[in-house]
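Just data-v2.pdb here, PDB, C-alpha atoms:
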ATOM      1  CA  MET A 287      76.573  31.232  60.833
ATOM      2  CA  ASN A 288      76.101  27.989  58.974
ATOM      3  CA  LYS A 289      73.688  27.259  56.142
ATOM      4  CA  VAL A 290      70.018  27.538  57.069
ATOM      5  CA  TRP A 291      68.154  24.604  55.535
ATOM      6  CA  ASN A 292      64.568  24.699  54.320
ATOM      7  CA  ILE A 293      62.247  21.849  53.458
ATOM      8  CA  GLU A 294      63.181  22.018  49.759
ATOM      9  CA  ASP A 295      66.884  21.622  50.619
ATOM     10  CA  VAL A 296      66.049  18.521  52.656
ATOM     11  CA  ARG A 297      63.892  17.066  49.870
ATOM     12  CA  LYS A 298      66.625  17.757  47.330
ATOM     13  CA  LEU A 299      69.229  15.876  49.385
ATOM     14  CA  LEU A 300      66.810  12.993  49.985
ATOM     15  CA  GLY A 301      65.979  12.900  46.247
ATOM     16  CA  GLU A 302      69.632  12.870  45.202
ATOM     17  CA  THR A 303      70.335  10.118  47.699
ATOM     18  CA  GLY A 304      67.361   8.108  46.446
ATOM     19  CA  GLU A 305      68.682   8.355  42.884
ATOM     20  CA  LYS A 306      72.180   7.334  43.980
ATOM     21  CA  MET A 307      70.879   4.331  45.938
ATOM     22  CA  GLY A 308      68.240   3.385  43.346
ATOM     23  CA  PHE A 309      65.434   3.613  45.902
ATOM     24  CA  ASP A 310      63.262   6.715  45.619
ATOM     25  CA  CYS A 311      61.710   8.352  48.691
ATOM     26  CA  ALA A 312      60.061  11.356  47.004
ATOM     27  CA  PHE A 313      56.598  10.076  47.986
ATOM     28  CA  VAL A 314      57.436  10.270  51.712
ATOM     29  CA  PRO A 315      56.459  13.632  53.273
ATOM     30  CA  VAL A 316      59.115  15.743  55.006
ATOM     31  CA  GLU A 317      58.151  17.541  58.213
ATOM     32  CA  ILE A 318      59.984  20.087  60.345
ATOM     33  CA  SER A 319      59.193  20.048  64.053
ATOM     34  CA  SER A 320      59.778  22.815  66.574
ATOM     35  CA  ARG A 321      59.028  20.353  69.383
ATOM     36  CA  MET A 322      61.915  17.952  68.789
ATOM     37  CA  GLU A 323      64.672  18.656  71.316
ATOM     38  CA  LYS A 324      66.553  15.464  72.014
ATOM     39  CA  THR A 325      66.125  13.811  68.627
ATOM     40  CA  MET A 326      67.309  15.657  65.540
ATOM     41  CA  GLY A 327      65.649  13.427  62.963
ATOM     42  CA  SER A 328      63.349  10.458  62.617
ATOM     43  CA  PHE A 329      61.890   8.231  59.955
ATOM     44  CA  LEU A 330      58.292   7.452  60.859
ATOM     45  CA  PHE A 331      56.568   4.360  59.548
ATOM     46  CA  ARG A 332      53.772   1.929  60.313
ATOM     47  CA  GLU A 333      53.936  -1.820  60.343
ATOM     48  CA  LYS A 334      50.746  -3.229  58.860
ATOM     49  CA  GLU A 335      50.174  -6.878  58.035
ATOM     50  CA  GLY A 336      53.903  -7.530  57.891
ATOM     51  CA  ASN A 337      54.630  -4.536  55.663
ATOM     52  CA  ILE A 338      56.545  -1.354  56.450
ATOM     53  CA  ILE A 339      54.536   1.658  55.307
ATOM     54  CA  PRO A 340      56.524   4.946  55.272
ATOM     55  CA  HIS A 341      54.763   7.817  56.992
ATOM     56  CA  ALA A 342      57.219  10.757  57.087
ATOM     57  CA  PHE A 343      60.713  12.045  57.583
ATOM     58  CA  ARG A 344      60.760  14.455  60.521
ATOM     59  CA  PHE A 345      63.598  16.829  61.381
ATOM     60  CA  ALA A 346      64.125  19.186  64.304
ATOM     61  CA  GLN A 347      63.803  22.865  63.467
ATOM     62  CA  VAL A 348      66.983  23.591  65.454
ATOM     63  CA  LEU A 349      68.916  21.144  63.252
ATOM     64  CA  LEU A 350      68.023  23.117  60.127
ATOM     65  CA  SER A 351      68.333  26.571  61.738
ATOM     66  CA  GLY A 352      71.984  27.194  60.897
ATOM     67  CA  TYR A 353      73.227  26.306  64.388
ATOM     68  CA  TYR A 354      74.965  23.160  63.122
ATOM     69  CA  HIS A 355      77.614  22.737  60.435
ATOM     70  CA  GLU A 356      76.314  21.576  57.052
ATOM     71  CA  SER A 357      78.082  18.202  57.343
ATOM     72  CA  VAL A 358      76.234  17.467  60.609
ATOM     73  CA  VAL A 359      72.862  18.295  59.025
ATOM     74  CA  ARG A 360      73.660  16.182  55.949
ATOM     75  CA  ASN A 361      74.648  13.237  58.130
ATOM     76  CA  VAL A 362      71.389  13.398  60.114
ATOM     77  CA  ILE A 363      69.285  13.583  56.928
ATOM     78  CA  LEU A 364      71.193  10.692  55.363
ATOM     79  CA  HIS A 365      70.927   8.711  58.610
ATOM     80  CA  GLU A 366      67.139   8.942  58.370
ATOM     81  CA  TYR A 367      67.282   7.988  54.684
ATOM     82  CA  ALA A 368      69.306   4.907  55.766
ATOM     83  CA  HIS A 369      66.418   3.931  58.073
ATOM     84  CA  PHE A 370      64.007   4.363  55.164
ATOM     85  CA  TYR A 371      66.176   2.344  52.805
ATOM     86  CA  ALA A 372      66.906  -0.521  55.225
ATOM     87  CA  ASN A 373      63.369  -0.822  56.597
ATOM     88  CA  VAL A 374      61.310  -0.356  53.429
ATOM     89  CA  LYS A 375      63.611  -2.241  51.060
ATOM     90  CA  ASP A 376      63.806  -5.276  53.357
ATOM     91  CA  ASN A 377      60.282  -4.821  54.763
ATOM     92  CA  ARG A 378      61.323  -5.095  58.407
ATOM     93  CA  ASN A 379      62.450  -2.727  61.142
ATOM     94  CA  HIS A 380      66.242  -2.940  61.262
ATOM     95  CA  LYS A 381      66.652  -0.253  63.959
ATOM     96  CA  HIS A 382      70.460   0.174  64.226
ATOM     97  CA  ASP A 383      71.531  -3.370  63.371
ATOM     98  CA  ALA A 384      74.406  -4.513  61.140
ATOM     99  CA  TYR A 385      72.363  -4.155  57.927
ATOM    100  CA  PHE A 386      71.456  -0.564  58.812
ATOM    101  CA  LYS A 387      75.113   0.222  59.557
ATOM    102  CA  LYS A 388      76.100  -1.275  56.189
ATOM    103  CA  VAL A 389      73.640   1.103  54.494
ATOM    104  CA  CYS A 390      75.243   3.996  56.424
ATOM    105  CA  GLU A 391      78.659   2.930  55.139
ATOM    106  CA  ASP A 392      77.276   2.771  51.578
ATOM    107  CA  LEU A 393      76.017   6.341  52.042
ATOM    108  CA  GLY A 394      79.392   7.471  53.374
ATOM    109  CA  ILE A 395      78.100   8.581  56.773
ATOM    110  CA  PRO A 396      79.182   7.583  60.303
ATOM    111  CA  THR A 397      77.551   4.447  61.704
ATOM    112  CA  HIS A 398      77.108   5.806  65.237
ATOM    113  CA  THR A 399      73.497   5.786  66.299
ATOM    114  CA  TYR A 400      73.233   8.841  68.502
ATOM    115  CA  PHE A 401      73.546  12.570  67.957
ATOM    116  CA  LYS A 402      76.989  13.568  69.209
ATOM    117  CA  GLU A 403      76.784  17.339  68.755
ATOM    118  CA  LEU A 404      75.957  19.642  71.641
ATOM    119  CA  LEU A 405      72.371  20.826  71.723
ATOM    120  CA  PRO A 406      71.642  24.476  72.408
ATOM    121  CA  ARG A 407      70.021  24.982  75.796
ATOM    122  CA  THR A 408      66.686  26.696  75.475
ATOM    123  CA  LYS A 409      64.893  28.150  78.434
ATOM    124  CA  LYS A 410      61.173  27.584  78.795
ATOM    125  CA  ASN A 411      58.333  28.927  80.871
ATOM    126  CA  GLY A 412      57.391  27.069  84.010
ATOM    127  CA  TYR A 413      56.635  27.429  87.699
ATOM    128  CA  ILE A 414      58.846  27.422  90.770
ATOM    129  CA  LEU A 415      57.077  26.068  93.850
ATOM    130  CA  VAL A 416      58.155  27.638  97.153
ATOM    131  CA  CYS A 417      57.287  27.291 100.825
ATOM    132  CA  SER A 418      54.901  30.086 101.878
ATOM    133  CA  LYS A 419      56.542  30.333 105.309
ATOM    134  CA  CYS A 420      60.307  30.364 104.665
ATOM    135  CA  GLY A 421      60.425  30.873 100.892
ATOM    136  CA  SER A 422      62.676  27.886 100.138
ATOM    137  CA  ARG A 423      62.302  26.158  96.802
ATOM    138  CA  VAL A 424      60.206  23.007  96.933
ATOM    139  CA  ALA A 425      59.987  21.994  93.259
ATOM    140  CA  ALA A 426      59.795  23.200  89.673
ATOM    141  CA  ARG A 427      57.222  22.192  87.097
ATOM    142  CA  ARG A 428      56.479  23.113  83.486
ATOM    143  CA  LYS A 429      52.786  22.269  83.325
ATOM    144  CA  VAL A 430      50.127  24.185  85.183
ATOM    145  CA  ASP A 431      48.040  21.046  85.819
ATOM    146  CA  SER A 432      50.818  19.428  87.848
ATOM    147  CA  VAL A 433      51.367  22.719  89.714
ATOM    148  CA  ASN A 434      47.673  22.944  90.625
ATOM    149  CA  MET A 435      47.652  19.334  91.839
ATOM    150  CA  ILE A 436      50.641  20.011  94.116
ATOM    151  CA  LEU A 437      49.138  23.254  95.425
ATOM    152  CA  ARG A 438      45.887  21.438  96.307
ATOM    153  CA  SER A 439      47.322  18.334  97.911
ATOM    154  CA  LYS A 440      50.814  18.954  99.289
ATOM    155  CA  VAL A 441      52.612  20.989 101.920
ATOM    156  CA  SER A 442      56.274  21.967 102.061
ATOM    157  CA  GLY A 443      58.710  19.502 103.582
ATOM    158  CA  CYS A 444      60.636  22.197 105.441
ATOM    159  CA  CYS A 445      57.907  24.032 107.406
ATOM    160  CA  HIS A 446      54.830  21.936 106.597
ATOM    161  CA  ALA A 447      53.269  25.125 105.256
ATOM    162  CA  LYS A 448      51.261  25.802 102.127
ATOM    163  CA  ILE A 449      53.107  25.941  98.842
ATOM    164  CA  ARG A 450      53.017  28.929  96.484
ATOM    165  CA  ALA A 451      53.806  28.981  92.778
ATOM    166  CA  LYS A 452      55.801  31.642  90.959
ATOM    167  CA  LYS A 453      56.069  31.926  87.194
ATOM    168  CA  ALA A 454      59.637  31.481  86.048
ATOM    169  CA  VAL A 455      61.802  30.798  83.026
ATOM    170  CA  PHE A 456      64.270  27.926  83.356
TER     171      PHE A 456
END

Re-express the file's structure as structure tokens.
Amino acid sequence: MNKVWNIEDVRKLLGETGEKMGFDCAFVPVEISSRMEKTMGSFLFREKEGNIIPHAFRFAQVLLSGYYHESVVRNVILHEYAHFYANVKDNRNHKHDAYFKKVCEDLGIPTHTYFKELLPRTKKNGYILVCSKCGSRVAARRKVDSVNMILRSKVSGCCHAKIRAKKAVF
């Protein structure tokens, strides 16, 4: 098992990086999200009257859970600091342009702009929709509202029969 990070560990790394780069980010809140699945980190900001206003650093709970090696977690945190540094220092959204990549190089992290590590597959609750006549699978949905809409307004393509919903985990 790898190191499990907490919010103080993240703030400490961000603080040390801010000191090293001469651009403090201690005033920017750090959030941990259990809902982030495809993105491991983000730097949130608002653009108001031509100014970049930092809102928060947000990191996926799974990133900090000990699933990933410490170097991967550090790189994601520093990647988000690079967004902060490039955007706030220059007062414009650099996204993943050449200036942003230069900041990444200054921080000693890879310049690639996507998360290359494998994500753990997590199963979630949902509904399997089946034909009431032959039992073949028609569809799968996560949200009950979309299931109810299908049950009210559609019939199966195979037998043109009513559709039933079964709770499932997938």

For this session: For Arg450 in chain A, list every protein, DNA or RNA residue within 7 Å, evaluated using only C-alpha atoms, and leave out those in the same chain fewer than 3 positions away; present the list as a list in words.
Result: Leu415, Val416, Cys417, Ser418 and Leu437 of chain A

For this session: May I have the residues within 10 Å of Thr303 in chain A as a PyMOL selection string, using all atoms listed in the file and disregarding those fewer than 3 positions away in the same chain?
Result: chain A and resi 297-300+306-311+363-364+367-368+393

Problem set entry | Polymer residues at most 12 Å from Asp383 in chain A, all atoms listed in the file, same-chain spacing of 6 or more positions, as a list of chain:residue names |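 The neighbour list is A:Ala368, A:His369, A:Ala372, A:Asn373, A:Val389, A:Cys390, A:Thr397, A:His398, A:Thr399.
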
Problem set entry | Selection: 9 Å around Tyr353 in chain A, all atoms listed in the file, excl. self and same-chain fewer than 2 positions, as a list in words |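 Within the cut-off, the hits are Met287, Asn288, Lys289, Val290, Val348, Leu349, Leu350, Ser351, His355 and Pro406 of chain A.
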
For this session: Would you mind listing what lies within 7 Å of range 328-336 of chain A as number ranges by chain, with only C-alpha atoms counted and same-chain residues fewer than 6 positions away left out?
Result: A: 342-345, 366, 369-370

Write to file, as a JSON list (two decimals), keeping the file's coordinate frame, the residues of the selection just made, with C-alpha atoms.
[["chain", "number", "residue", "atom", "x", "y", "z"],
["A", 342, "ALA", "CA", 57.22, 10.76, 57.09],
["A", 343, "PHE", "CA", 60.71, 12.04, 57.58],
["A", 344, "ARG", "CA", 60.76, 14.46, 60.52],
["A", 345, "PHE", "CA", 63.60, 16.83, 61.38],
["A", 366, "GLU", "CA", 67.14, 8.94, 58.37],
["A", 369, "HIS", "CA", 66.42, 3.93, 58.07],
["A", 370, "PHE", "CA", 64.01, 4.36, 55.16]]

Exercise. In terms of the shortest atom-to-atom distance over all atoms listed in the file, which of A:Gly327, A:Asn361, A:Asp295, A:Ile339 is closest to Phe313 in chain A?
Worked result: A:Ile339

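Pairwise distance (CA of Ala425 in chain A, CA of Lys409 in chain A) equals 16.8 Å.
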
Problem set entry | Residue nearest Arg427 in chain A among A:Ser439, A:Met322, A:Asn411, A:Ala346 (counting all atoms listed in the file) | A:Asn411

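One distance worth recording is that between CA of Gly352 in chain A and CA of Val455 in chain A, which is 24.6 Å.
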
Exercise. CA of Asn379 in chain A and CA of Tyr400 in chain A are how many Å apart?
Worked result: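 Those two atoms sit 17.4 Å apart.
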
Problem set entry | Closest of A:His382, A:Lys419, A:Lys402, A:Arg321 to Tyr354 in chain A - atom-to-atom distances counting all atoms listed in the file |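 Counting all atoms listed in the file, the residue closest to Tyr354 in chain A is A:Lys402.
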
For this session: Pick out the closest residue to Ile293 in chain A from this set: A:Ile318, A:Ala447, A:Met326, A:Val441. Count only C-alpha atoms.
Result: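 Once distances to Ile293 in chain A are computed over only C-alpha atoms, the minimum belongs to A:Ile318.
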
Seminar exercise, completed: In terms of only C-alpha atoms, the residue from A:Ile395, A:Gly443, A:Val374, A:Lys387 at minimal distance from Ser357 in chain A is A:Ile395

For this session: Rank nothing, just name the residue among A:Lys375, A:Trp291, A:His380, A:Gln347 nearest to Ser320 in chain A, using all atoms listed in the file.
Result: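 So, comparing all the options, the nearest one is A:Gln347.
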
Padding 3 Å on each side, edges along x, y and z: where is the centre of the box around the listed atoms of range 390-393 of chain A, and how long are its edges in Å to one decimal? Output it as AutoDock Vina command-line options.
--center_x 77.0 --center_y 4.6 --center_z 54.0 --size_x 9.4 --size_y 9.6 --size_z 10.8

Kindly write range 339-360 of chain A with N, CA, C and O atoms to a file, as a PDB file, in the first residue's frame.
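Result went into part_5.pdb, see below:
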ATOM      1  N   ILE A 339      -9.456  34.872 -10.697  1.00  0.00           N
ATOM      2  CA  ILE A 339      -9.666  34.809  -9.254  1.00  0.00           C
ATOM      3  C   ILE A 339      -9.671  33.340  -8.838  1.00  0.00           C
ATOM      4  O   ILE A 339     -10.581  32.587  -9.211  1.00  0.00           O
ATOM      5  N   PRO A 340      -8.644  32.898  -8.082  1.00  0.00           N
ATOM      6  CA  PRO A 340      -8.582  31.490  -7.650  1.00  0.00           C
ATOM      7  C   PRO A 340      -9.770  31.131  -6.771  1.00  0.00           C
ATOM      8  O   PRO A 340     -10.195  31.922  -5.923  1.00  0.00           O
ATOM      9  N   HIS A 341     -10.309  29.947  -7.002  1.00  0.00           N
ATOM     10  CA  HIS A 341     -11.442  29.483  -6.205  1.00  0.00           C
ATOM     11  C   HIS A 341     -11.045  28.308  -5.307  1.00  0.00           C
ATOM     12  O   HIS A 341     -11.319  28.334  -4.113  1.00  0.00           O
ATOM     13  N   ALA A 342     -10.396  27.276  -5.887  1.00  0.00           N
ATOM     14  CA  ALA A 342     -10.005  26.113  -5.080  1.00  0.00           C
ATOM     15  C   ALA A 342      -9.124  25.166  -5.879  1.00  0.00           C
ATOM     16  O   ALA A 342      -9.154  25.157  -7.113  1.00  0.00           O
ATOM     17  N   PHE A 343      -8.356  24.382  -5.142  1.00  0.00           N
ATOM     18  CA  PHE A 343      -7.712  23.201  -5.695  1.00  0.00           C
ATOM     19  C   PHE A 343      -8.621  22.045  -5.311  1.00  0.00           C
ATOM     20  O   PHE A 343      -9.035  21.940  -4.157  1.00  0.00           O
ATOM     21  N   ARG A 344      -8.919  21.164  -6.269  1.00  0.00           N
ATOM     22  CA  ARG A 344      -9.768  20.016  -5.962  1.00  0.00           C
ATOM     23  C   ARG A 344      -9.067  18.747  -6.429  1.00  0.00           C
ATOM     24  O   ARG A 344      -8.566  18.685  -7.546  1.00  0.00           O
ATOM     25  N   PHE A 345      -9.050  17.745  -5.534  1.00  0.00           N
ATOM     26  CA  PHE A 345      -8.382  16.481  -5.848  1.00  0.00           C
ATOM     27  C   PHE A 345      -9.329  15.318  -5.597  1.00  0.00           C
ATOM     28  O   PHE A 345     -10.140  15.345  -4.674  1.00  0.00           O
ATOM     29  N   ALA A 346      -9.201  14.292  -6.429  1.00  0.00           N
ATOM     30  CA  ALA A 346     -10.037  13.100  -6.303  1.00  0.00           C
ATOM     31  C   ALA A 346      -9.635  12.318  -5.058  1.00  0.00           C
ATOM     32  O   ALA A 346      -8.451  12.139  -4.777  1.00  0.00           O
ATOM     33  N   GLN A 347     -10.615  11.849  -4.339  1.00  0.00           N
ATOM     34  CA  GLN A 347     -10.390  11.056  -3.136  1.00  0.00           C
ATOM     35  C   GLN A 347      -9.579   9.803  -3.458  1.00  0.00           C
ATOM     36  O   GLN A 347      -8.683   9.421  -2.708  1.00  0.00           O
ATOM     37  N   VAL A 348      -9.856   9.187  -4.612  1.00  0.00           N
ATOM     38  CA  VAL A 348      -9.127   7.967  -4.993  1.00  0.00           C
ATOM     39  C   VAL A 348      -7.647   8.259  -5.225  1.00  0.00           C
ATOM     40  O   VAL A 348      -6.796   7.405  -4.971  1.00  0.00           O
ATOM     41  N   LEU A 349      -7.321   9.463  -5.685  1.00  0.00           N
ATOM     42  CA  LEU A 349      -5.915   9.824  -5.894  1.00  0.00           C
ATOM     43  C   LEU A 349      -5.145   9.799  -4.578  1.00  0.00           C
ATOM     44  O   LEU A 349      -4.011   9.346  -4.522  1.00  0.00           O
ATOM     45  N   LEU A 350      -5.780  10.263  -3.516  1.00  0.00           N
ATOM     46  CA  LEU A 350      -5.120  10.407  -2.221  1.00  0.00           C
ATOM     47  C   LEU A 350      -5.265   9.173  -1.337  1.00  0.00           C
ATOM     48  O   LEU A 350      -4.714   9.122  -0.246  1.00  0.00           O
ATOM     49  N   SER A 351      -5.971   8.156  -1.818  1.00  0.00           N
ATOM     50  CA  SER A 351      -6.358   7.000  -1.004  1.00  0.00           C
ATOM     51  C   SER A 351      -5.257   5.980  -0.745  1.00  0.00           C
ATOM     52  O   SER A 351      -5.459   5.047  -0.002  1.00  0.00           O
ATOM     53  N   GLY A 352      -4.109   6.134  -1.401  1.00  0.00           N
ATOM     54  CA  GLY A 352      -3.056   5.141  -1.261  1.00  0.00           C
ATOM     55  C   GLY A 352      -3.022   4.167  -2.423  1.00  0.00           C
ATOM     56  O   GLY A 352      -2.181   3.280  -2.475  1.00  0.00           O
ATOM     57  N   TYR A 353      -3.928   4.305  -3.366  1.00  0.00           N
ATOM     58  CA  TYR A 353      -3.957   3.431  -4.546  1.00  0.00           C
ATOM     59  C   TYR A 353      -2.781   3.729  -5.468  1.00  0.00           C
ATOM     60  O   TYR A 353      -2.239   2.834  -6.099  1.00  0.00           O
ATOM     61  N   TYR A 354      -2.390   5.007  -5.557  1.00  0.00           N
ATOM     62  CA  TYR A 354      -1.335   5.422  -6.464  1.00  0.00           C
ATOM     63  C   TYR A 354      -0.023   5.670  -5.727  1.00  0.00           C
ATOM     64  O   TYR A 354      -0.012   6.060  -4.565  1.00  0.00           O
ATOM     65  N   HIS A 355       1.075   5.474  -6.444  1.00  0.00           N
ATOM     66  CA  HIS A 355       2.408   5.720  -5.907  1.00  0.00           C
ATOM     67  C   HIS A 355       2.547   7.210  -5.560  1.00  0.00           C
ATOM     68  O   HIS A 355       1.951   8.073  -6.200  1.00  0.00           O
ATOM     69  N   GLU A 356       3.351   7.489  -4.552  1.00  0.00           N
ATOM     70  CA  GLU A 356       3.526   8.863  -4.075  1.00  0.00           C
ATOM     71  C   GLU A 356       3.969   9.819  -5.183  1.00  0.00           C
ATOM     72  O   GLU A 356       3.524  10.958  -5.242  1.00  0.00           O
ATOM     73  N   SER A 357       4.821   9.355  -6.093  1.00  0.00           N
ATOM     74  CA  SER A 357       5.301  10.234  -7.167  1.00  0.00           C
ATOM     75  C   SER A 357       4.160  10.648  -8.097  1.00  0.00           C
ATOM     76  O   SER A 357       4.129  11.774  -8.588  1.00  0.00           O
ATOM     77  N   VAL A 358       3.197   9.758  -8.320  1.00  0.00           N
ATOM     78  CA  VAL A 358       2.043  10.076  -9.162  1.00  0.00           C
ATOM     79  C   VAL A 358       1.193  11.149  -8.484  1.00  0.00           C
ATOM     80  O   VAL A 358       0.785  12.137  -9.110  1.00  0.00           O
ATOM     81  N   VAL A 359       0.950  10.984  -7.189  1.00  0.00           N
ATOM     82  CA  VAL A 359       0.144  11.956  -6.436  1.00  0.00           C
ATOM     83  C   VAL A 359       0.842  13.315  -6.429  1.00  0.00           C
ATOM     84  O   VAL A 359       0.211  14.351  -6.685  1.00  0.00           O
ATOM     85  N   ARG A 360       2.143  13.319  -6.156  1.00  0.00           N
ATOM     86  CA  ARG A 360       2.907  14.575  -6.161  1.00  0.00           C
ATOM     87  C   ARG A 360       2.814  15.272  -7.513  1.00  0.00           C
ATOM     88  O   ARG A 360       2.608  16.485  -7.575  1.00  0.00           O
TER      89      ARG A 360
END
